[in-house]
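Content type PDB, C-alpha atoms, pLDDT in the B column, from the file upload.pdb:
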MODEL        1
ATOM      1  CA  MET A   1     -68.912 140.716 102.361  1.00 97.00           C
ATOM      2  CA  TYR A   2     -72.179 142.036 103.738  1.00 98.00           C
ATOM      3  CA  HIS A   3     -72.996 144.875 106.110  1.00 98.00           C
ATOM      4  CA  GLN A   4     -76.714 145.261 106.832  1.00 98.00           C
ATOM      5  CA  VAL A   5     -79.602 142.965 105.899  1.00 98.00           C
ATOM      6  CA  GLY A   6     -82.894 144.811 106.143  1.00 97.00           C
ATOM      7  CA  GLN A   7     -84.966 147.643 104.720  1.00 93.00           C
ATOM      8  CA  PRO A   8     -82.740 150.281 103.083  1.00 89.00           C
ATOM      9  CA  PRO A   9     -82.554 153.800 104.538  1.00 88.00           C
ATOM     10  CA  PRO A  10     -84.250 156.701 102.694  1.00 90.00           C
ATOM     11  CA  LYS A  11     -83.238 157.397  99.105  1.00 90.00           C
ATOM     12  CA  GLY A  12     -80.235 159.654  98.900  1.00 89.00           C
ATOM     13  CA  SER A  13     -78.699 158.331 102.110  1.00 91.00           C
ATOM     14  CA  PRO A  14     -74.941 157.710 101.841  1.00 93.00           C
ATOM     15  CA  TYR A  15     -73.998 154.028 101.597  1.00 91.00           C
ATOM     16  CA  ARG A  16     -77.627 153.046 101.095  1.00 94.00           C
ATOM     17  CA  GLY A  17     -76.431 150.297  98.808  1.00 92.00           C
ATOM     18  CA  LEU A  18     -74.762 148.434 101.679  1.00 94.00           C
ATOM     19  CA  THR A  19     -78.154 147.349 103.015  1.00 97.00           C
ATOM     20  CA  VAL A  20     -79.265 144.137 101.279  1.00 97.00           C
ATOM     21  CA  HIS A  21     -82.959 143.255 101.427  1.00 96.00           C
ATOM     22  CA  PRO A  22     -83.681 140.000 103.348  1.00 97.00           C
ATOM     23  CA  SER A  23     -85.424 138.467 100.344  1.00 97.00           C
ATOM     24  CA  ASP A  24     -82.357 139.138  98.189  1.00 97.00           C
ATOM     25  CA  PHE A  25     -80.058 137.678 100.822  1.00 98.00           C
ATOM     26  CA  LYS A  26     -82.184 134.533 100.990  1.00 98.00           C
ATOM     27  CA  ARG A  27     -82.226 134.258  97.190  1.00 97.00           C
ATOM     28  CA  GLN A  28     -78.425 134.552  97.083  1.00 97.00           C
ATOM     29  CA  MET A  29     -77.888 131.900  99.743  1.00 97.00           C
ATOM     30  CA  THR A  30     -80.453 129.586  98.125  1.00 97.00           C
ATOM     31  CA  TRP A  31     -78.876 129.762  94.684  1.00 96.00           C
ATOM     32  CA  LEU A  32     -75.391 129.005  95.972  1.00 95.00           C
ATOM     33  CA  ARG A  33     -76.822 126.001  97.786  1.00 96.00           C
ATOM     34  CA  ARG A  34     -78.510 124.862  94.549  1.00 95.00           C
ATOM     35  CA  PHE A  35     -75.090 124.917  92.897  1.00 94.00           C
ATOM     36  CA  GLY A  36     -73.788 122.644  95.647  1.00 94.00           C
ATOM     37  CA  TYR A  37     -71.977 125.242  97.749  1.00 95.00           C
ATOM     38  CA  ARG A  38     -71.976 125.440 101.546  1.00 96.00           C
ATOM     39  CA  GLY A  39     -71.634 128.719 103.425  1.00 97.00           C
ATOM     40  CA  LEU A  40     -69.081 128.865 106.229  1.00 98.00           C
ATOM     41  CA  SER A  41     -67.682 131.202 108.845  1.00 98.00           C
ATOM     42  CA  MET A  42     -64.022 132.157 108.572  1.00 98.00           C
ATOM     43  CA  HIS A  43     -63.203 129.683 111.342  1.00 98.00           C
ATOM     44  CA  ASP A  44     -64.881 126.865 109.414  1.00 98.00           C
ATOM     45  CA  LEU A  45     -63.422 128.044 106.104  1.00 97.00           C
ATOM     46  CA  LEU A  46     -59.763 128.112 107.172  1.00 97.00           C
ATOM     47  CA  PRO A  47     -59.064 124.377 106.642  1.00 97.00           C
ATOM     48  CA  TYR A  48     -60.158 124.831 103.011  1.00 96.00           C
ATOM     49  CA  LEU A  49     -58.014 127.944 102.601  1.00 95.00           C
ATOM     50  CA  ARG A  50     -55.034 126.022 103.965  1.00 94.00           C
ATOM     51  CA  GLY A  51     -55.633 123.145 101.568  1.00 93.00           C
ATOM     52  CA  GLU A  52     -56.391 120.717 104.402  1.00 96.00           C
ATOM     53  CA  ARG A  53     -59.938 120.117 103.212  1.00 95.00           C
ATOM     54  CA  HIS A  54     -61.589 120.281  99.818  1.00 94.00           C
ATOM     55  CA  GLY A  55     -65.132 121.024  98.747  1.00 93.00           C
ATOM     56  CA  LYS A  56     -67.520 123.588  97.294  1.00 93.00           C
ATOM     57  CA  VAL A  57     -67.588 126.184 100.056  1.00 95.00           C
ATOM     58  CA  PHE A  58     -67.757 129.956 100.417  1.00 96.00           C
ATOM     59  CA  GLY A  59     -67.212 132.279 103.359  1.00 97.00           C
ATOM     60  CA  ILE A  60     -69.963 134.538 104.697  1.00 98.00           C
ATOM     61  CA  THR A  61     -68.924 137.692 106.539  1.00 98.00           C
ATOM     62  CA  PHE A  62     -70.794 140.671 107.963  1.00 98.00           C
ATOM     63  CA  ASP A  63     -69.059 143.873 109.002  1.00 98.00           C
ATOM     64  CA  ASP A  64     -69.932 145.917 112.106  1.00 98.00           C
ATOM     65  CA  GLY A  65     -72.404 143.657 113.977  1.00 98.00           C
ATOM     66  CA  TYR A  66     -75.716 145.197 112.901  1.00 98.00           C
ATOM     67  CA  ARG A  67     -78.850 144.133 114.737  1.00 98.00           C
ATOM     68  CA  ASN A  68     -80.772 143.631 111.498  1.00 98.00           C
ATOM     69  CA  VAL A  69     -78.311 140.846 110.618  1.00 98.00           C
ATOM     70  CA  PHE A  70     -79.314 139.135 113.852  1.00 98.00           C
ATOM     71  CA  GLN A  71     -82.997 139.676 113.086  1.00 98.00           C
ATOM     72  CA  ASN A  72     -83.092 139.009 109.347  1.00 98.00           C
ATOM     73  CA  ALA A  73     -80.013 137.075 108.231  1.00 98.00           C
ATOM     74  CA  MET A  74     -79.588 134.663 111.131  1.00 98.00           C
ATOM     75  CA  PRO A  75     -82.912 132.825 110.528  1.00 98.00           C
ATOM     76  CA  ILE A  76     -81.961 132.384 106.861  1.00 98.00           C
ATOM     77  CA  LEU A  77     -78.530 131.059 107.800  1.00 98.00           C
ATOM     78  CA  LYS A  78     -80.200 128.593 110.165  1.00 98.00           C
ATOM     79  CA  GLU A  79     -82.566 127.433 107.409  1.00 97.00           C
ATOM     80  CA  MET A  80     -79.605 126.862 105.060  1.00 97.00           C
ATOM     81  CA  ASN A  81     -77.476 125.254 107.780  1.00 97.00           C
ATOM     82  CA  TYR A  82     -74.739 127.807 107.066  1.00 98.00           C
ATOM     83  CA  THR A  83     -72.320 129.431 109.470  1.00 98.00           C
ATOM     84  CA  ALA A  84     -71.032 133.000 109.200  1.00 98.00           C
ATOM     85  CA  THR A  85     -68.616 135.466 110.778  1.00 98.00           C
ATOM     86  CA  ASN A  86     -69.704 138.857 112.074  1.00 98.00           C
ATOM     87  CA  TYR A  87     -67.022 141.442 112.879  1.00 98.00           C
ATOM     88  CA  PHE A  88     -68.038 143.441 115.948  1.00 98.00           C
ATOM     89  CA  VAL A  89     -66.898 146.895 117.030  1.00 98.00           C
ATOM     90  CA  ALA A  90     -66.105 146.046 120.647  1.00 98.00           C
ATOM     91  CA  ARG A  91     -67.055 149.351 122.261  1.00 98.00           C
ATOM     92  CA  GLN A  92     -70.286 149.879 120.337  1.00 98.00           C
ATOM     93  CA  LEU A  93     -72.181 146.776 121.450  1.00 98.00           C
ATOM     94  CA  ASP A  94     -75.853 147.790 121.779  1.00 98.00           C
ATOM     95  CA  GLY A  95     -74.813 151.089 120.219  1.00 98.00           C
ATOM     96  CA  GLY A  96     -74.786 152.357 116.667  1.00 98.00           C
ATOM     97  CA  ASN A  97     -72.662 153.133 113.640  1.00 98.00           C
ATOM     98  CA  VAL A  98     -71.224 156.313 115.166  1.00 98.00           C
ATOM     99  CA  TRP A  99     -68.260 156.279 112.770  1.00 97.00           C
ATOM    100  CA  ASP A 100     -70.714 156.967 109.911  1.00 96.00           C
ATOM    101  CA  TYR A 101     -72.628 159.895 111.373  1.00 96.00           C
ATOM    102  CA  GLU A 102     -70.349 162.655 110.045  1.00 95.00           C
ATOM    103  CA  LYS A 103     -70.863 161.280 106.531  1.00 95.00           C
ATOM    104  CA  GLY A 104     -74.640 161.670 106.888  1.00 94.00           C
ATOM    105  CA  VAL A 105     -75.311 157.946 107.179  1.00 94.00           C
ATOM    106  CA  PRO A 106     -78.474 157.240 109.214  1.00 94.00           C
ATOM    107  CA  HIS A 107     -78.178 155.539 112.587  1.00 96.00           C
ATOM    108  CA  ALA A 108     -78.434 151.761 112.601  1.00 97.00           C
ATOM    109  CA  ASP A 109     -78.594 149.650 115.748  1.00 98.00           C
ATOM    110  CA  LEU A 110     -75.804 147.233 116.573  1.00 98.00           C
ATOM    111  CA  MET A 111     -76.200 143.948 118.443  1.00 98.00           C
ATOM    112  CA  SER A 112     -76.135 143.901 122.227  1.00 98.00           C
ATOM    113  CA  ILE A 113     -73.840 141.615 124.209  1.00 98.00           C
ATOM    114  CA  ALA A 114     -76.771 139.231 124.706  1.00 98.00           C
ATOM    115  CA  GLU A 115     -77.482 139.156 120.967  1.00 98.00           C
ATOM    116  CA  MET A 116     -73.809 138.665 120.179  1.00 98.00           C
ATOM    117  CA  ARG A 117     -73.729 135.722 122.574  1.00 98.00           C
ATOM    118  CA  GLU A 118     -76.837 134.282 120.928  1.00 98.00           C
ATOM    119  CA  TRP A 119     -75.174 134.714 117.545  1.00 98.00           C
ATOM    120  CA  ALA A 120     -72.204 132.681 118.796  1.00 98.00           C
ATOM    121  CA  ALA A 121     -74.421 130.086 120.492  1.00 98.00           C
ATOM    122  CA  ALA A 122     -76.126 129.476 117.130  1.00 98.00           C
ATOM    123  CA  GLY A 123     -72.791 128.296 115.726  1.00 98.00           C
ATOM    124  CA  HIS A 124     -71.683 131.547 114.132  1.00 98.00           C
ATOM    125  CA  GLU A 125     -68.369 133.287 114.697  1.00 98.00           C
ATOM    126  CA  VAL A 126     -67.615 136.541 116.474  1.00 98.00           C
ATOM    127  CA  GLY A 127     -64.713 138.426 114.935  1.00 98.00           C
ATOM    128  CA  SER A 128     -63.128 141.758 115.815  1.00 98.00           C
ATOM    129  CA  HIS A 129     -63.509 145.021 113.931  1.00 98.00           C
ATOM    130  CA  THR A 130     -61.404 146.953 116.483  1.00 98.00           C
ATOM    131  CA  LEU A 131     -62.623 148.939 119.497  1.00 98.00           C
ATOM    132  CA  ASP A 132     -63.972 152.008 117.692  1.00 98.00           C
ATOM    133  CA  HIS A 133     -63.806 151.380 113.906  1.00 98.00           C
ATOM    134  CA  PRO A 134     -60.848 153.699 113.111  1.00 98.00           C
ATOM    135  CA  TYR A 135     -58.834 153.781 109.903  1.00 98.00           C
ATOM    136  CA  LEU A 136     -55.824 152.011 111.341  1.00 98.00           C
ATOM    137  CA  PRO A 137     -53.117 153.465 109.015  1.00 98.00           C
ATOM    138  CA  ASN A 138     -53.948 156.947 110.355  1.00 98.00           C
ATOM    139  CA  LEU A 139     -53.140 155.926 113.937  1.00 98.00           C
ATOM    140  CA  SER A 140     -49.763 155.742 115.621  1.00 98.00           C
ATOM    141  CA  PRO A 141     -48.370 152.189 115.764  1.00 98.00           C
ATOM    142  CA  GLU A 142     -49.087 152.116 119.487  1.00 98.00           C
ATOM    143  CA  LEU A 143     -52.733 153.121 119.087  1.00 98.00           C
ATOM    144  CA  ALA A 144     -53.285 150.784 116.134  1.00 98.00           C
ATOM    145  CA  ASP A 145     -51.846 147.876 118.105  1.00 98.00           C
ATOM    146  CA  TYR A 146     -54.065 148.777 121.072  1.00 98.00           C
ATOM    147  CA  GLN A 147     -57.191 148.829 118.885  1.00 98.00           C
ATOM    148  CA  ILE A 148     -56.300 145.387 117.527  1.00 98.00           C
ATOM    149  CA  ARG A 149     -55.244 143.724 120.787  1.00 98.00           C
ATOM    150  CA  GLN A 150     -57.723 145.257 123.216  1.00 98.00           C
ATOM    151  CA  SER A 151     -60.753 144.592 121.033  1.00 98.00           C
ATOM    152  CA  LYS A 152     -59.839 140.907 121.095  1.00 98.00           C
ATOM    153  CA  VAL A 153     -59.539 140.990 124.882  1.00 98.00           C
ATOM    154  CA  GLU A 154     -62.870 142.755 125.411  1.00 98.00           C
ATOM    155  CA  LEU A 155     -64.820 140.590 122.990  1.00 98.00           C
ATOM    156  CA  GLU A 156     -63.365 137.441 124.539  1.00 98.00           C
ATOM    157  CA  GLN A 157     -64.293 138.663 127.999  1.00 98.00           C
ATOM    158  CA  ALA A 158     -67.866 139.294 126.853  1.00 97.00           C
ATOM    159  CA  LEU A 159     -68.119 135.913 125.109  1.00 97.00           C
ATOM    160  CA  GLY A 160     -66.028 133.612 127.261  1.00 96.00           C
ATOM    161  CA  THR A 161     -64.504 132.104 124.109  1.00 96.00           C
ATOM    162  CA  ALA A 162     -61.572 132.886 121.829  1.00 98.00           C
ATOM    163  CA  VAL A 163     -61.856 135.491 119.074  1.00 98.00           C
ATOM    164  CA  THR A 164     -59.507 134.643 116.203  1.00 98.00           C
ATOM    165  CA  ALA A 165     -60.915 136.490 113.159  1.00 98.00           C
ATOM    166  CA  PHE A 166     -60.173 140.138 112.383  1.00 98.00           C
ATOM    167  CA  CYS A 167     -61.393 142.613 109.782  1.00 98.00           C
ATOM    168  CA  TYR A 168     -59.630 145.886 108.891  1.00 98.00           C
ATOM    169  CA  PRO A 169     -62.050 148.831 109.159  1.00 98.00           C
ATOM    170  CA  TYR A 170     -62.410 150.545 105.780  1.00 97.00           C
ATOM    171  CA  GLY A 171     -59.916 147.976 104.483  1.00 97.00           C
ATOM    172  CA  GLY A 172     -57.101 150.040 106.014  1.00 98.00           C
ATOM    173  CA  GLU A 173     -54.044 147.852 106.439  1.00 98.00           C
ATOM    174  CA  SER A 174     -50.316 147.542 105.730  1.00 98.00           C
ATOM    175  CA  PRO A 175     -47.595 144.939 106.254  1.00 98.00           C
ATOM    176  CA  GLU A 176     -46.963 146.418 109.699  1.00 98.00           C
ATOM    177  CA  ILE A 177     -50.649 146.279 110.643  1.00 98.00           C
ATOM    178  CA  ARG A 178     -50.912 142.701 109.369  1.00 98.00           C
ATOM    179  CA  ASN A 179     -48.040 141.804 111.676  1.00 98.00           C
ATOM    180  CA  MET A 180     -49.859 143.416 114.590  1.00 98.00           C
ATOM    181  CA  VAL A 181     -52.920 141.287 113.865  1.00 98.00           C
ATOM    182  CA  HIS A 182     -50.779 138.137 113.693  1.00 98.00           C
ATOM    183  CA  ASN A 183     -48.913 139.005 116.894  1.00 98.00           C
ATOM    184  CA  ALA A 184     -52.172 139.729 118.737  1.00 98.00           C
ATOM    185  CA  GLY A 185     -53.173 136.077 118.278  1.00 98.00           C
ATOM    186  CA  TYR A 186     -55.650 136.240 115.401  1.00 98.00           C
ATOM    187  CA  THR A 187     -55.456 133.453 112.826  1.00 98.00           C
ATOM    188  CA  ASN A 188     -56.897 135.401 109.870  1.00 98.00           C
ATOM    189  CA  ALA A 189     -57.982 138.824 108.673  1.00 98.00           C
ATOM    190  CA  THR A 190     -60.184 140.027 105.834  1.00 98.00           C
ATOM    191  CA  THR A 191     -59.765 143.087 103.659  1.00 97.00           C
ATOM    192  CA  THR A 192     -61.982 145.039 101.263  1.00 96.00           C
ATOM    193  CA  GLN A 193     -59.848 143.938  98.324  1.00 95.00           C
ATOM    194  CA  ARG A 194     -62.060 142.353  95.655  1.00 92.00           C
ATOM    195  CA  GLY A 195     -61.616 138.743  94.683  1.00 91.00           C
ATOM    196  CA  LEU A 196     -61.942 135.102  95.631  1.00 92.00           C
ATOM    197  CA  ALA A 197     -59.551 133.788  98.278  1.00 92.00           C
ATOM    198  CA  ARG A 198     -56.925 131.264  97.232  1.00 90.00           C
ATOM    199  CA  ILE A 199     -54.521 128.986  99.093  1.00 91.00           C
ATOM    200  CA  THR A 200     -51.667 131.271  98.046  1.00 93.00           C
ATOM    201  CA  ASP A 201     -53.227 134.321  99.773  1.00 95.00           C
ATOM    202  CA  SER A 202     -51.897 135.469 103.123  1.00 97.00           C
ATOM    203  CA  PRO A 203     -54.387 134.520 105.870  1.00 97.00           C
ATOM    204  CA  TYR A 204     -53.997 138.122 107.077  1.00 98.00           C
ATOM    205  CA  GLY A 205     -54.969 139.664 103.737  1.00 98.00           C
ATOM    206  CA  LEU A 206     -57.960 137.699 102.506  1.00 98.00           C
ATOM    207  CA  PRO A 207     -60.012 139.335  99.729  1.00 96.00           C
ATOM    208  CA  ARG A 208     -63.805 139.329  99.645  1.00 96.00           C
ATOM    209  CA  ILE A 209     -66.697 139.841  97.244  1.00 95.00           C
ATOM    210  CA  THR A 210     -68.781 142.918  98.072  1.00 94.00           C
ATOM    211  CA  VAL A 211     -72.526 142.288  97.929  1.00 96.00           C
ATOM    212  CA  SER A 212     -74.665 145.420  97.672  1.00 94.00           C
ATOM    213  CA  ARG A 213     -78.356 146.189  97.436  1.00 94.00           C
ATOM    214  CA  SER A 214     -78.122 146.533  93.640  1.00 92.00           C
ATOM    215  CA  THR A 215     -76.315 143.226  93.057  1.00 92.00           C
ATOM    216  CA  HIS A 216     -78.851 141.217  91.043  1.00 91.00           C
ATOM    217  CA  ILE A 217     -78.738 137.447  91.300  1.00 94.00           C
ATOM    218  CA  LEU A 218     -76.930 136.724  88.007  1.00 93.00           C
ATOM    219  CA  ARG A 219     -74.244 139.277  88.828  1.00 92.00           C
ATOM    220  CA  PHE A 220     -74.005 137.857  92.339  1.00 93.00           C
ATOM    221  CA  LEU A 221     -73.379 134.348  91.024  1.00 93.00           C
ATOM    222  CA  GLN A 222     -70.869 135.617  88.505  1.00 90.00           C
ATOM    223  CA  LYS A 223     -68.960 137.518  91.195  1.00 87.00           C
ATOM    224  CA  CYS A 224     -68.941 134.625  93.642  1.00 88.00           C
ATOM    225  CA  MET A 225     -68.198 131.785  91.236  1.00 81.00           C
ATOM    226  CA  THR A 226     -65.679 133.376  88.860  1.00 70.00           C
ATOM    227  CA  ARG A 227     -62.200 134.477  89.859  1.00 57.00           C
ATOM    228  CA  LEU A 228     -61.465 138.175  89.495  1.00 43.00           C
ATOM    229  CA  GLU A 229     -58.632 137.552  87.008  1.00 41.00           C
ATOM    230  CA  ASP A 230     -60.986 135.388  84.917  1.00 45.00           C
ATOM    231  CA  ARG A 231     -63.571 138.191  84.860  1.00 41.00           C
ATOM    232  CA  ARG A 232     -60.896 140.666  83.768  1.00 38.00           C
ATOM    233  CA  ARG A 233     -59.847 138.316  81.003  1.00 37.00           C
ATOM    234  CA  LYS A 234     -63.427 138.171  79.747  1.00 40.00           C
ATOM    235  CA  ASP A 235     -63.683 141.967  79.902  1.00 34.00           C
TER     236      ASP A 235
ENDMDL
END
Just dump the structure as structure tokens.
Amino acid sequence: MYHQVGQPPPKGSPYRGLTVHPSDFKRQMTWLRRFGYRGLSMHDLLPYLRGERHGKVFGITFDDGYRNVFQNAMPILKEMNYTATNYFVARQLDGGNVWDYEKGVPHADLMSIAEMREWAAAGHEVGSHTLDHPYLPNLSPELADYQIRQSKVELEQALGTAVTAFCYPYGGESPEIRNMVHNAGYTNATTTQRGLARITDSPYGLPRITVSRSTHILRFLQKCMTRLEDRRRKD
């Protein structure tokens, strides 16, 4: 799970650690490839999660649709021949991370419709991160369902292709919200729960490994290649 790939904001900025430097991102992708792994979007990963295919693969996801991912991460993904999923906030295309402003997080540009289309044309996946990035459990069931369903509609209209991957903003979800995602026509959804996905996981509650600016390469490899329960056992 990544957010931004670029130069970090000024020291002291909230959530500064969620911006990974491009050189670190490239190092991470390169080392996984050296170990024989292939990076995939959620769409490409699903057959492995369902047990239909087998191989050394890992999913690559980016939350929010930041422009610096388009500028800095996409060339690296092309070099590695990897695919990835980016979860877009449907009503902030060519906008910014407005949901972060009240926390003092600096503005960061989000991809435009044209850039999102170019992202998809390069073989990557467009997923939904709702219309406005709300914490879904705080909304009425009607509003939560609208955020989930309408974001899919608007992204599909902008792309001209199906959008089947969803990501819960802030990791906010519940059994009822998972059902909404399923009923809206998505095939999978990712959370902020830590861990490696397994065949036994619900496709609407897939865990991820958070990668931050301070994640050095050895820790990165340990997090990505060792199951959470195995790490706990070692601790």
Ground truth for the PyMOL selection byres ((chain A and resi 158) around 12), written as a PyMOL selection string: chain A and resi 88+90-91+93+112-118+120+126+151-157+159-163
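Between Leu221 of chain A and the residues A:His182, A:His129, A:Arg38, A:Arg27, the shortest atom-to-atom distance, using all atoms listed in the file, involves A:Arg27.
Relative to atom CA of Ile177 of chain A, atom CA of Thr19 of chain A is found at 28.6 Å.
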Interatomic distance (Å, one decimal) between atom CA of Ser41 of chain A and atom CA of Ile60 of chain A: 5.8 Å
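Candidate residues A:His54, A:His216, A:Arg194, A:His43 were compared for distance to Gln28 of chain A, and the nearest is A:His216, using all atoms listed in the file.
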Result set, the PyMOL selection byres ((chain A and resi 66) around 10) on current file, as a PyMOL selection string: chain A and resi 3-6+62-65+67-71+86-89+93-97+108-112+116
Option closest in space to Leu32 of chain A, from A:Pro137, A:Pro14, A:Pro47, A:Gly59 [counting all atoms listed in the file]: A:Gly59
Exercise: residues within 12 Å of coordinate (-74.8, 143.1, 96.1), counting all atoms listed in the file, as a PyMOL selection string: chain A and resi 1-5+16-22+24-25+27-28+209-224
Around all of segment 210-219 of chain A's listed atoms, make the axis-aligned box with 3 Å on each side and tell me centre and edge lengths in Å to one decimal, as lines of an AutoDock Vina configuration file.
center_x = -73.8
center_y = 141.6
center_z = 93.0
size_x = 16.1
size_y = 15.8
size_z = 16.1
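Distance-wise, atom CA of Tyr48 of chain A and atom CA of Asp201 of chain A end up 12.2 Å apart.
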